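Asks: Starting off with a structure, shown below.
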Amino acid sequence: MKRALGRLLSTLVVLGPAFAAPAETPLIALVLDTSGSLSPADVARRQEIAAGLLAALPAGSEIAVFNFDDESRLVLPRSADRAKVMAAIEAQGRAGRFTALHDALYDATRYVSEVPGRRRGIVLVTDGKDENSALRLEDGAALARDGHVPVFSIGVGKVQDRVLRRISKLTGGRYLGTDADGAQVAQQVLDGLPAVQPVPARAEAVAPAGLAAVPAPAQPAAAGAVAPGATTWSWLGPVLGVLAGLGVALLVLWPQLGRNAAAAPAAVAAPAAASELADEPGTLVMRMEDLPEPTDRTMVITMKPLLHVTKGPDKGRLFEVSLDAATSVGRAEGNDAALGDRTVSSQHCRIRPLPDAGFEVIDLQSTNGTFVNDRRVSRQRLAAGDVIKVGETLISFRMDHMKGD
């Protein structure tokens, strides 16, 4: 008996950190620059910093690993498993042509902000260069500041010190220079993380005109418990259910009961976006040997991405989508696609070109959300003909043909 009790106590000592209250251990997003602007020596230095940080953090700390080059990625969701985190760190090399630093800052901030009741922050290891991000530095910095998520930046490679100092300053973090080792970084992070923030009351989203806001589902009560303010009229629910069933049946049978008096139902109109696109002229593609007459000129056909507003206050307007930078969509006048719809956020979403010549839409935590083909998205690759919904506005993403010599 004593021997068994001793083994149990030993097990509790070993597992003690795992049972610590989550608020007592930090949640860190480790954001690693994997772009081609870093040399192999810079990559080795980056790995050294990350490994030292991991070793120096207290037991039970959770790490989420992000990387960024042409785009931002979540490599490893938050984990307290040191072996998994170390494996994720060691797997990061260098790739891509661009450095989506601003996107990575925004994505990492949003990720840790969704975990309430924790001391949380971001450790950013980069040279500070940004290329081809869909977002601005201010987007991620504002999100971090509002969510009390400080950014601790460490420079590697040909460092743009002013950029890293600005990121840390805007977010309430610290710039740790280029010489800090992992243990020093861990100490600075632990000293600089803010206290656990209270969870704010969830605000009601603004529903577009004509649509009723859907209330949050009530949590089920424990068996036998009576919800506060509830009565003991347990028969009322079944009776209302029967009445609702009768109402549905009546609605289904009503057209048949009154078909002799009612006119034939009108055909359902096709969606505006689909009907308008169907009227556009097609493009005839032929092989050179099939041309009716020889020609010494080759007509070049290129694709031009456009946003065509098919519903809303700006119906009929066309906005060009940049091939080189992000195209901003929102109610504020400074947007590339400025909309007059009051249910659209001032900075609603952005459309970013991808390295493979495609495009994706990114929601900027808008009040009423961004939808692609009736599905709410935070980030979604676009195809020609997709319908983007922002507020009460529908926008068709088009790839028009442009002809030239």
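We name chains A, B, ... following the order of the structure tokens; residues begin at 1 in each chain, and ligands are numbered from 1 as shown.
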Compile the contact shell of region 317-322 of chain A as a VMD selection string: residues with an atom at most 7 Å away, counting only C-alpha atoms, same-chain residues fewer than 3 positions apart removed.
Replies: chain A and resid 305 to 309 314 325 to 327 337
Asks: Could you take the residues named above and write them with all heavy atoms, as a tab-separated table (two decimals), in the first residue's frame?
Replies:
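See result24.tsv below for the written result:
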```tsv
chain	number	residue	atom	x	y	z
A	305	PRO	N	-8.83	40.69	-63.98
A	305	PRO	CA	-9.78	40.45	-62.89
A	305	PRO	C	-10.57	41.71	-62.56
A	305	PRO	O	-10.02	42.81	-62.47
A	305	PRO	CB	-8.87	40.05	-61.73
A	305	PRO	CG	-7.55	40.69	-62.03
A	305	PRO	CD	-7.43	40.74	-63.52
A	306	LEU	N	-11.87	41.53	-62.38
A	306	LEU	CA	-12.77	42.64	-62.09
A	306	LEU	C	-13.74	42.26	-60.98
A	306	LEU	O	-14.07	41.08	-60.81
A	306	LEU	CB	-13.58	43.03	-63.33
A	306	LEU	CG	-12.85	43.63	-64.52
A	306	LEU	CD1	-13.81	43.76	-65.69
A	306	LEU	CD2	-12.27	44.99	-64.16
A	307	LEU	N	-14.19	43.26	-60.25
A	307	LEU	CA	-15.27	43.10	-59.29
A	307	LEU	C	-16.49	43.81	-59.86
A	307	LEU	O	-16.47	45.02	-60.08
A	307	LEU	CB	-14.89	43.71	-57.94
A	307	LEU	CG	-13.69	43.09	-57.23
A	307	LEU	CD1	-13.39	43.84	-55.94
A	307	LEU	CD2	-13.91	41.62	-56.95
A	308	HIS	N	-17.56	43.06	-60.12
A	308	HIS	CA	-18.78	43.60	-60.72
A	308	HIS	C	-19.89	43.57	-59.66
A	308	HIS	O	-20.32	42.49	-59.24
A	308	HIS	CB	-19.17	42.77	-61.94
A	308	HIS	CG	-20.41	43.27	-62.62
A	308	HIS	ND1	-21.16	42.48	-63.47
A	308	HIS	CD2	-21.05	44.47	-62.57
A	308	HIS	CE1	-22.19	43.18	-63.91
A	308	HIS	NE2	-22.14	44.38	-63.36
A	309	VAL	N	-20.35	44.74	-59.23
A	309	VAL	CA	-21.40	44.83	-58.22
A	309	VAL	C	-22.73	44.52	-58.89
A	309	VAL	O	-23.17	45.23	-59.80
A	309	VAL	CB	-21.44	46.21	-57.57
A	309	VAL	CG1	-22.54	46.26	-56.51
A	309	VAL	CG2	-20.09	46.55	-56.94
A	314	ASP	N	-24.45	50.20	-55.07
A	314	ASP	CA	-23.49	50.46	-56.14
A	314	ASP	C	-23.68	49.51	-57.33
A	314	ASP	O	-22.75	49.29	-58.11
A	314	ASP	CB	-22.06	50.32	-55.61
A	314	ASP	CG	-21.76	51.26	-54.46
A	314	ASP	OD1	-21.50	52.45	-54.73
A	314	ASP	OD2	-21.82	50.80	-53.30
A	325	ALA	N	-0.81	44.00	-56.02
A	325	ALA	CA	-0.99	44.34	-54.61
A	325	ALA	C	-2.43	44.01	-54.21
A	325	ALA	O	-3.27	43.69	-55.05
A	325	ALA	CB	-0.70	45.81	-54.37
A	326	ALA	N	-2.69	44.08	-52.92
A	326	ALA	CA	-4.02	43.77	-52.42
A	326	ALA	C	-5.01	44.87	-52.81
A	326	ALA	O	-4.67	46.05	-52.85
A	326	ALA	CB	-3.99	43.62	-50.90
A	327	THR	N	-6.24	44.47	-53.12
A	327	THR	CA	-7.33	45.39	-53.44
A	327	THR	C	-8.26	45.45	-52.24
A	327	THR	O	-8.82	44.43	-51.84
A	327	THR	CB	-8.09	44.91	-54.69
A	327	THR	OG1	-7.18	44.86	-55.80
A	327	THR	CG2	-9.25	45.85	-55.02
A	337	ALA	N	-12.08	49.60	-53.71
A	337	ALA	CA	-13.49	49.42	-54.08
A	337	ALA	C	-14.31	49.99	-52.93
A	337	ALA	O	-14.66	49.29	-51.98
A	337	ALA	CB	-13.80	47.94	-54.30
```
Asks: Tell me, as number ranges by chain, which residues lie within 10 Å of Lys389 (chain A), counting only C-alpha atoms; anything in the same chain fewer than 6 positions away does not count.
Replies: A: 309, 311, 344, 368-376, 395-396
Asks: Set the distance at 8 Å and use only C-alpha atoms: which residues neighbour Ala180 (chain A) once local chain neighbours fewer than 4 positions away are removed? I'd like the list as a PyMOL selection string.
Replies: chain A and resi 49+154+176+184-185
Asks: Can you tell me, as a list of chain:residue names, what residues are no more than 9 Å from Val196 (chain A) when counting only C-alpha atoms, ignoring any on the same chain fewer than 4 positions away?
Replies: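 Selected residues are A:Ala23, A:Glu24, A:Pro116, A:Gly117, A:Arg118, A:Arg119, A:Arg120.
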Asks: Output N, CA and C atoms for every residue in that selection, as a CSV table (one decimal), in the first residue's frame.
Replies:
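Result file is again_17.csv:
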```csv
chain,number,residue,atom,x,y,z
A,23,ALA,N,-4.3,29.9,-17.1
A,23,ALA,CA,-3.9,31.4,-17.0
A,23,ALA,C,-2.5,31.6,-16.5
A,24,GLU,N,-2.0,30.6,-15.8
A,24,GLU,CA,-0.7,30.7,-15.2
A,24,GLU,C,0.5,30.5,-16.2
A,116,PRO,N,-9.4,32.8,-24.9
A,116,PRO,CA,-9.5,33.7,-23.8
A,116,PRO,C,-8.9,33.2,-22.5
A,117,GLY,N,-8.7,34.0,-21.6
A,117,GLY,CA,-8.2,33.6,-20.2
A,117,GLY,C,-6.8,33.2,-20.2
A,118,ARG,N,-5.9,33.7,-21.1
A,118,ARG,CA,-4.5,33.3,-21.1
A,118,ARG,C,-3.6,34.6,-21.2
A,119,ARG,N,-2.4,34.5,-20.6
A,119,ARG,CA,-1.4,35.5,-21.0
A,119,ARG,C,-0.8,35.1,-22.3
A,120,ARG,N,-0.8,36.0,-23.3
A,120,ARG,CA,-0.5,35.6,-24.6
A,120,ARG,C,0.3,36.7,-25.3
```
Asks: Please identify all polymer residues within 10 Å of Ala100 (chain A), counting only C-alpha atoms, omitting same-chain residues fewer than 3 positions from it, and present them as a PDB file with all heavy atoms, in the first residue's frame.
Replies:
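Result went into part-v2.pdb, see below:
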```
ATOM      1  N   ASP A  33      10.136  33.712 -40.077  1.00  0.00           N
ATOM      2  CA  ASP A  33      10.337  34.120 -41.464  1.00  0.00           C
ATOM      3  C   ASP A  33      11.040  32.978 -42.205  1.00  0.00           C
ATOM      4  O   ASP A  33      12.145  32.566 -41.838  1.00  0.00           O
ATOM      5  CB  ASP A  33      11.213  35.381 -41.476  1.00  0.00           C
ATOM      6  CG  ASP A  33      11.340  36.002 -42.853  1.00  0.00           C
ATOM      7  OD1 ASP A  33      11.122  35.295 -43.855  1.00  0.00           O
ATOM      8  OD2 ASP A  33      11.701  37.196 -42.933  1.00  0.00           O
ATOM      9  N   THR A  34      10.398  32.440 -43.231  1.00  0.00           N
ATOM     10  CA  THR A  34      10.992  31.358 -44.029  1.00  0.00           C
ATOM     11  C   THR A  34      11.223  31.790 -45.473  1.00  0.00           C
ATOM     12  O   THR A  34      11.339  30.956 -46.371  1.00  0.00           O
ATOM     13  CB  THR A  34      10.087  30.106 -43.999  1.00  0.00           C
ATOM     14  OG1 THR A  34       8.757  30.459 -44.421  1.00  0.00           O
ATOM     15  CG2 THR A  34      10.017  29.505 -42.615  1.00  0.00           C
ATOM     16  N   SER A  35      11.288  33.087 -45.711  1.00  0.00           N
ATOM     17  CA  SER A  35      11.419  33.598 -47.077  1.00  0.00           C
ATOM     18  C   SER A  35      12.842  33.457 -47.591  1.00  0.00           C
ATOM     19  O   SER A  35      13.795  33.238 -46.828  1.00  0.00           O
ATOM     20  CB  SER A  35      11.000  35.068 -47.133  1.00  0.00           C
ATOM     21  OG  SER A  35      11.925  35.868 -46.424  1.00  0.00           O
ATOM     22  N   ASN A  67       4.697  30.143 -40.031  1.00  0.00           N
ATOM     23  CA  ASN A  67       5.789  30.592 -40.888  1.00  0.00           C
ATOM     24  C   ASN A  67       5.217  31.482 -41.988  1.00  0.00           C
ATOM     25  O   ASN A  67       3.995  31.541 -42.191  1.00  0.00           O
ATOM     26  CB  ASN A  67       6.591  29.419 -41.461  1.00  0.00           C
ATOM     27  CG  ASN A  67       5.859  28.646 -42.545  1.00  0.00           C
ATOM     28  OD1 ASN A  67       4.798  29.042 -43.032  1.00  0.00           O
ATOM     29  ND2 ASN A  67       6.409  27.517 -42.946  1.00  0.00           N
ATOM     30  N   PHE A  68       6.081  32.191 -42.677  1.00  0.00           N
ATOM     31  CA  PHE A  68       5.606  33.033 -43.776  1.00  0.00           C
ATOM     32  C   PHE A  68       6.715  33.228 -44.797  1.00  0.00           C
ATOM     33  O   PHE A  68       7.882  33.421 -44.473  1.00  0.00           O
ATOM     34  CB  PHE A  68       5.090  34.389 -43.268  1.00  0.00           C
ATOM     35  CG  PHE A  68       6.120  35.254 -42.581  1.00  0.00           C
ATOM     36  CD1 PHE A  68       6.797  36.251 -43.269  1.00  0.00           C
ATOM     37  CD2 PHE A  68       6.415  35.081 -41.237  1.00  0.00           C
ATOM     38  CE1 PHE A  68       7.730  37.060 -42.642  1.00  0.00           C
ATOM     39  CE2 PHE A  68       7.341  35.882 -40.596  1.00  0.00           C
ATOM     40  CZ  PHE A  68       8.011  36.878 -41.295  1.00  0.00           C
ATOM     41  N   ASP A  69       6.305  33.117 -46.056  1.00  0.00           N
ATOM     42  CA  ASP A  69       7.134  33.505 -47.207  1.00  0.00           C
ATOM     43  C   ASP A  69       6.180  34.108 -48.225  1.00  0.00           C
ATOM     44  O   ASP A  69       5.757  35.248 -48.058  1.00  0.00           O
ATOM     45  CB  ASP A  69       7.970  32.316 -47.745  1.00  0.00           C
ATOM     46  CG  ASP A  69       7.200  30.995 -47.714  1.00  0.00           C
ATOM     47  OD1 ASP A  69       6.247  30.844 -48.489  1.00  0.00           O
ATOM     48  OD2 ASP A  69       7.571  30.130 -46.902  1.00  0.00           O
ATOM     49  N   ASP A  70       5.769  33.333 -49.243  1.00  0.00           N
ATOM     50  CA  ASP A  70       4.763  33.867 -50.171  1.00  0.00           C
ATOM     51  C   ASP A  70       3.412  34.090 -49.481  1.00  0.00           C
ATOM     52  O   ASP A  70       2.622  34.926 -49.903  1.00  0.00           O
ATOM     53  CB  ASP A  70       4.569  32.906 -51.347  1.00  0.00           C
ATOM     54  CG  ASP A  70       5.746  32.932 -52.304  1.00  0.00           C
ATOM     55  OD1 ASP A  70       6.568  33.854 -52.204  1.00  0.00           O
ATOM     56  OD2 ASP A  70       5.859  32.016 -53.134  1.00  0.00           O
ATOM     57  N   GLU A  71       3.149  33.308 -48.459  1.00  0.00           N
ATOM     58  CA  GLU A  71       1.910  33.457 -47.696  1.00  0.00           C
ATOM     59  C   GLU A  71       2.155  33.043 -46.259  1.00  0.00           C
ATOM     60  O   GLU A  71       3.179  32.451 -45.918  1.00  0.00           O
ATOM     61  CB  GLU A  71       0.780  32.618 -48.304  1.00  0.00           C
ATOM     62  CG  GLU A  71       1.066  31.137 -48.356  1.00  0.00           C
ATOM     63  CD  GLU A  71      -0.038  30.356 -49.056  1.00  0.00           C
ATOM     64  OE1 GLU A  71      -0.781  30.956 -49.849  1.00  0.00           O
ATOM     65  OE2 GLU A  71      -0.151  29.153 -48.784  1.00  0.00           O
ATOM     66  N   SER A  72       1.190  33.372 -45.413  1.00  0.00           N
ATOM     67  CA  SER A  72       1.261  33.030 -43.996  1.00  0.00           C
ATOM     68  C   SER A  72       0.596  31.679 -43.763  1.00  0.00           C
ATOM     69  O   SER A  72      -0.438  31.378 -44.352  1.00  0.00           O
ATOM     70  CB  SER A  72       0.555  34.113 -43.177  1.00  0.00           C
ATOM     71  OG  SER A  72       0.290  33.679 -41.875  1.00  0.00           O
ATOM     72  N   ARG A  97       9.165  33.443 -53.096  1.00  0.00           N
ATOM     73  CA  ARG A  97       9.744  34.661 -53.679  1.00  0.00           C
ATOM     74  C   ARG A  97       9.406  35.899 -52.871  1.00  0.00           C
ATOM     75  O   ARG A  97      10.067  36.925 -53.007  1.00  0.00           O
ATOM     76  CB  ARG A  97       9.214  34.853 -55.110  1.00  0.00           C
ATOM     77  CG  ARG A  97       9.596  33.755 -56.084  1.00  0.00           C
ATOM     78  CD  ARG A  97       9.021  34.070 -57.463  1.00  0.00           C
ATOM     79  NE  ARG A  97       7.559  34.139 -57.418  1.00  0.00           N
ATOM     80  CZ  ARG A  97       6.811  34.729 -58.342  1.00  0.00           C
ATOM     81  NH1 ARG A  97       7.392  35.347 -59.362  1.00  0.00           N
ATOM     82  NH2 ARG A  97       5.510  34.734 -58.249  1.00  0.00           N
ATOM     83  N   ASP A 103       0.719  39.843 -43.299  1.00  0.00           N
ATOM     84  CA  ASP A 103      -0.317  38.809 -43.213  1.00  0.00           C
ATOM     85  C   ASP A 103      -0.056  37.881 -42.032  1.00  0.00           C
ATOM     86  O   ASP A 103      -0.987  37.478 -41.318  1.00  0.00           O
ATOM     87  CB  ASP A 103      -0.359  37.990 -44.504  1.00  0.00           C
ATOM     88  CG  ASP A 103      -0.928  38.763 -45.678  1.00  0.00           C
ATOM     89  OD1 ASP A 103      -1.400  39.894 -45.472  1.00  0.00           O
ATOM     90  OD2 ASP A 103      -0.886  38.243 -46.808  1.00  0.00           O
ATOM     91  N   ALA A 104       1.213  37.515 -41.828  1.00  0.00           N
ATOM     92  CA  ALA A 104       1.556  36.603 -40.736  1.00  0.00           C
ATOM     93  C   ALA A 104       1.272  37.237 -39.375  1.00  0.00           C
ATOM     94  O   ALA A 104       0.764  36.580 -38.469  1.00  0.00           O
ATOM     95  CB  ALA A 104       3.026  36.197 -40.841  1.00  0.00           C
ATOM     96  N   LEU A 105       1.592  38.508 -39.251  1.00  0.00           N
ATOM     97  CA  LEU A 105       1.321  39.216 -37.997  1.00  0.00           C
ATOM     98  C   LEU A 105      -0.179  39.216 -37.701  1.00  0.00           C
ATOM     99  O   LEU A 105      -0.609  38.948 -36.565  1.00  0.00           O
ATOM    100  CB  LEU A 105       1.846  40.647 -38.087  1.00  0.00           C
ATOM    101  CG  LEU A 105       1.531  41.577 -36.905  1.00  0.00           C
ATOM    102  CD1 LEU A 105       2.144  41.039 -35.630  1.00  0.00           C
ATOM    103  CD2 LEU A 105       2.027  42.993 -37.192  1.00  0.00           C
ATOM    104  N   LYS A 129      11.389  42.528 -43.545  1.00  0.00           N
ATOM    105  CA  LYS A 129      10.992  42.848 -44.920  1.00  0.00           C
ATOM    106  C   LYS A 129       9.591  42.315 -45.183  1.00  0.00           C
ATOM    107  O   LYS A 129       9.234  41.223 -44.728  1.00  0.00           O
ATOM    108  CB  LYS A 129      11.991  42.225 -45.893  1.00  0.00           C
ATOM    109  CG  LYS A 129      11.771  42.580 -47.344  1.00  0.00           C
ATOM    110  CD  LYS A 129      12.862  41.956 -48.215  1.00  0.00           C
ATOM    111  CE  LYS A 129      12.686  42.336 -49.680  1.00  0.00           C
ATOM    112  NZ  LYS A 129      13.736  41.724 -50.531  1.00  0.00           N
ATOM    113  N   ASP A 130       8.794  43.081 -45.923  1.00  0.00           N
ATOM    114  CA  ASP A 130       7.461  42.633 -46.325  1.00  0.00           C
ATOM    115  C   ASP A 130       7.285  42.820 -47.822  1.00  0.00           C
ATOM    116  O   ASP A 130       7.619  43.868 -48.378  1.00  0.00           O
ATOM    117  CB  ASP A 130       6.363  43.420 -45.598  1.00  0.00           C
ATOM    118  CG  ASP A 130       4.967  42.989 -46.053  1.00  0.00           C
ATOM    119  OD1 ASP A 130       4.468  41.994 -45.508  1.00  0.00           O
ATOM    120  OD2 ASP A 130       4.406  43.629 -46.965  1.00  0.00           O
ATOM    121  N   GLU A 131       6.737  41.795 -48.474  1.00  0.00           N
ATOM    122  CA  GLU A 131       6.423  41.855 -49.907  1.00  0.00           C
ATOM    123  C   GLU A 131       5.122  41.106 -50.163  1.00  0.00           C
ATOM    124  O   GLU A 131       4.954  39.975 -49.707  1.00  0.00           O
ATOM    125  CB  GLU A 131       7.527  41.194 -50.740  1.00  0.00           C
ATOM    126  CG  GLU A 131       8.854  41.917 -50.745  1.00  0.00           C
ATOM    127  CD  GLU A 131       9.890  41.169 -51.570  1.00  0.00           C
ATOM    128  OE1 GLU A 131      10.099  39.966 -51.312  1.00  0.00           O
ATOM    129  OE2 GLU A 131      10.480  41.779 -52.464  1.00  0.00           O
ATOM    130  N   ASN A 132       4.219  41.748 -50.880  1.00  0.00           N
ATOM    131  CA  ASN A 132       3.019  41.110 -51.407  1.00  0.00           C
ATOM    132  C   ASN A 132       2.018  40.658 -50.346  1.00  0.00           C
ATOM    133  O   ASN A 132       1.226  39.767 -50.578  1.00  0.00           O
ATOM    134  CB  ASN A 132       3.393  39.905 -52.288  1.00  0.00           C
ATOM    135  CG  ASN A 132       2.322  39.601 -53.321  1.00  0.00           C
ATOM    136  OD1 ASN A 132       1.732  40.513 -53.891  1.00  0.00           O
ATOM    137  ND2 ASN A 132       2.063  38.338 -53.564  1.00  0.00           N
ATOM    138  N   SER A 133       2.030  41.280 -49.176  1.00  0.00           N
ATOM    139  CA  SER A 133       0.985  40.973 -48.196  1.00  0.00           C
ATOM    140  C   SER A 133      -0.355  41.529 -48.654  1.00  0.00           C
ATOM    141  O   SER A 133      -0.411  42.570 -49.319  1.00  0.00           O
ATOM    142  CB  SER A 133       1.338  41.583 -46.828  1.00  0.00           C
ATOM    143  OG  SER A 133       2.232  40.766 -46.120  1.00  0.00           O
ATOM    144  N   ALA A 134      -1.416  40.838 -48.268  1.00  0.00           N
ATOM    145  CA  ALA A 134      -2.762  41.359 -48.554  1.00  0.00           C
ATOM    146  C   ALA A 134      -3.125  42.478 -47.598  1.00  0.00           C
ATOM    147  O   ALA A 134      -3.963  43.312 -47.903  1.00  0.00           O
ATOM    148  CB  ALA A 134      -3.782  40.230 -48.449  1.00  0.00           C
ATOM    149  N   LEU A 135      -2.493  42.503 -46.440  1.00  0.00           N
ATOM    150  CA  LEU A 135      -2.852  43.438 -45.389  1.00  0.00           C
ATOM    151  C   LEU A 135      -1.737  44.444 -45.140  1.00  0.00           C
ATOM    152  O   LEU A 135      -0.597  44.249 -45.556  1.00  0.00           O
ATOM    153  CB  LEU A 135      -3.150  42.681 -44.093  1.00  0.00           C
ATOM    154  CG  LEU A 135      -4.200  41.571 -44.203  1.00  0.00           C
ATOM    155  CD1 LEU A 135      -4.319  40.818 -42.904  1.00  0.00           C
ATOM    156  CD2 LEU A 135      -5.543  42.150 -44.616  1.00  0.00           C
TER     157      LEU A 135
END
```
Asks: Find the residue from A:Ala108, A:Cys349, A:Val163, A:Ala141 that sits nearest to Ile362 (chain A); use only C-alpha atoms when measuring.
Replies: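 So, comparing all the options, the nearest one is A:Cys349.
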Asks: Restricting the calculation to only C-alpha atoms, which member of A:Met303, A:Val377, A:Ala51, A:Ile167 is positioned closest to Thr126 (chain A)?
Replies: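 Between A:Met303, A:Val377, A:Ala51, A:Ile167, the residue approaching Thr126 (chain A) most closely is A:Ile167.
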Asks: If you run DSSP over the backbone, which residues in region 84-123 of chain A end up strand (DSSP E)? Put them as an MDAnalysis selection string.
Replies: chainID A and resid 119:123
Asks: Name all residues at most 8 Å from Val151 (chain A) (count only C-alpha atoms; drop same-chain ones fewer than 6 positions away) and give them as an mmCIF file with all heavy atoms, in the first residue's frame.
Replies:
```cif
data_model
loop_
_atom_site.group_PDB
_atom_site.id
_atom_site.type_symbol
_atom_site.label_atom_id
_atom_site.label_comp_id
_atom_site.auth_asym_id
_atom_site.auth_seq_id
_atom_site.Cartn_x
_atom_site.Cartn_y
_atom_site.Cartn_z
ATOM 1 N N GLY A 121 1.109 36.227 -26.255
ATOM 2 C CA GLY A 121 1.943 37.153 -27.001
ATOM 3 C C GLY A 121 2.487 36.488 -28.246
ATOM 4 O O GLY A 121 2.231 35.304 -28.514
ATOM 5 N N ILE A 122 3.256 37.263 -29.022
ATOM 6 C CA ILE A 122 3.836 36.784 -30.276
ATOM 7 C C ILE A 122 5.337 37.011 -30.241
ATOM 8 O O ILE A 122 5.799 38.089 -29.841
ATOM 9 C CB ILE A 122 3.213 37.519 -31.485
ATOM 10 C CG1 ILE A 122 1.741 37.144 -31.633
ATOM 11 C CG2 ILE A 122 3.976 37.217 -32.769
ATOM 12 C CD1 ILE A 122 1.011 37.932 -32.686
ATOM 13 N N VAL A 123 6.092 36.003 -30.638
ATOM 14 C CA VAL A 123 7.535 36.141 -30.836
ATOM 15 C C VAL A 123 7.783 36.063 -32.340
ATOM 16 O O VAL A 123 7.493 35.049 -32.974
ATOM 17 C CB VAL A 123 8.317 35.050 -30.092
ATOM 18 C CG1 VAL A 123 9.799 35.129 -30.444
ATOM 19 C CG2 VAL A 123 8.128 35.193 -28.589
ATOM 20 N N LEU A 124 8.284 37.152 -32.902
ATOM 21 C CA LEU A 124 8.468 37.295 -34.341
ATOM 22 C C LEU A 124 9.963 37.298 -34.661
ATOM 23 O O LEU A 124 10.702 38.146 -34.166
ATOM 24 C CB LEU A 124 7.814 38.596 -34.815
ATOM 25 C CG LEU A 124 8.026 39.020 -36.263
ATOM 26 C CD1 LEU A 124 7.386 38.019 -37.216
ATOM 27 C CD2 LEU A 124 7.452 40.421 -36.494
ATOM 28 N N ALA A 144 -3.622 43.454 -32.651
ATOM 29 C CA ALA A 144 -2.802 43.048 -31.505
ATOM 30 C C ALA A 144 -2.981 44.005 -30.330
ATOM 31 O O ALA A 144 -3.098 43.579 -29.176
ATOM 32 C CB ALA A 144 -1.336 42.978 -31.925
ATOM 33 N N ILE A 167 6.763 47.717 -35.104
ATOM 34 C CA ILE A 167 5.815 46.641 -34.810
ATOM 35 C C ILE A 167 5.680 46.444 -33.306
ATOM 36 O O ILE A 167 4.573 46.385 -32.759
ATOM 37 C CB ILE A 167 6.260 45.330 -35.481
ATOM 38 C CG1 ILE A 167 6.111 45.427 -37.004
ATOM 39 C CG2 ILE A 167 5.457 44.147 -34.957
ATOM 40 C CD1 ILE A 167 6.667 44.238 -37.756
ATOM 41 N N SER A 168 6.819 46.356 -32.627
ATOM 42 C CA SER A 168 6.783 46.136 -31.178
ATOM 43 C C SER A 168 6.193 47.335 -30.441
ATOM 44 O O SER A 168 5.432 47.179 -29.476
ATOM 45 C CB SER A 168 8.190 45.833 -30.665
ATOM 46 O OG SER A 168 8.657 44.601 -31.195
ATOM 47 N N THR A 171 2.342 47.514 -30.709
ATOM 48 C CA THR A 171 1.596 46.427 -30.064
ATOM 49 C C THR A 171 1.868 46.314 -28.569
ATOM 50 O O THR A 171 1.305 45.433 -27.909
ATOM 51 C CB THR A 171 1.959 45.085 -30.730
ATOM 52 O OG1 THR A 171 3.364 44.841 -30.564
ATOM 53 C CG2 THR A 171 1.612 45.095 -32.206
ATOM 54 N N GLY A 172 2.722 47.184 -28.036
ATOM 55 C CA GLY A 172 3.036 47.111 -26.616
ATOM 56 C C GLY A 172 4.063 46.062 -26.281
ATOM 57 O O GLY A 172 4.212 45.680 -25.115
ATOM 58 N N GLY A 173 4.802 45.592 -27.286
ATOM 59 C CA GLY A 173 5.837 44.589 -27.056
ATOM 60 C C GLY A 173 7.211 45.210 -26.964
ATOM 61 O O GLY A 173 7.363 46.399 -26.616
ATOM 62 N N ARG A 174 8.248 44.464 -27.323
ATOM 63 C CA ARG A 174 9.626 44.944 -27.243
ATOM 64 C C ARG A 174 10.418 44.436 -28.440
ATOM 65 O O ARG A 174 10.208 43.305 -28.891
ATOM 66 C CB ARG A 174 10.299 44.455 -25.954
ATOM 67 C CG ARG A 174 9.600 44.880 -24.682
ATOM 68 C CD ARG A 174 10.251 44.260 -23.453
ATOM 69 N NE ARG A 174 9.478 44.550 -22.248
ATOM 70 C CZ ARG A 174 9.739 44.028 -21.046
ATOM 71 N NH1 ARG A 174 10.761 43.192 -20.903
ATOM 72 N NH2 ARG A 174 8.995 44.340 -20.006
#
```
Asks: Between A:Phe152, A:Leu323, A:Arg145, A:Glu333, which is the closest to Leu170 (chain A) once you count only C-alpha atoms?
Replies: A:Arg145
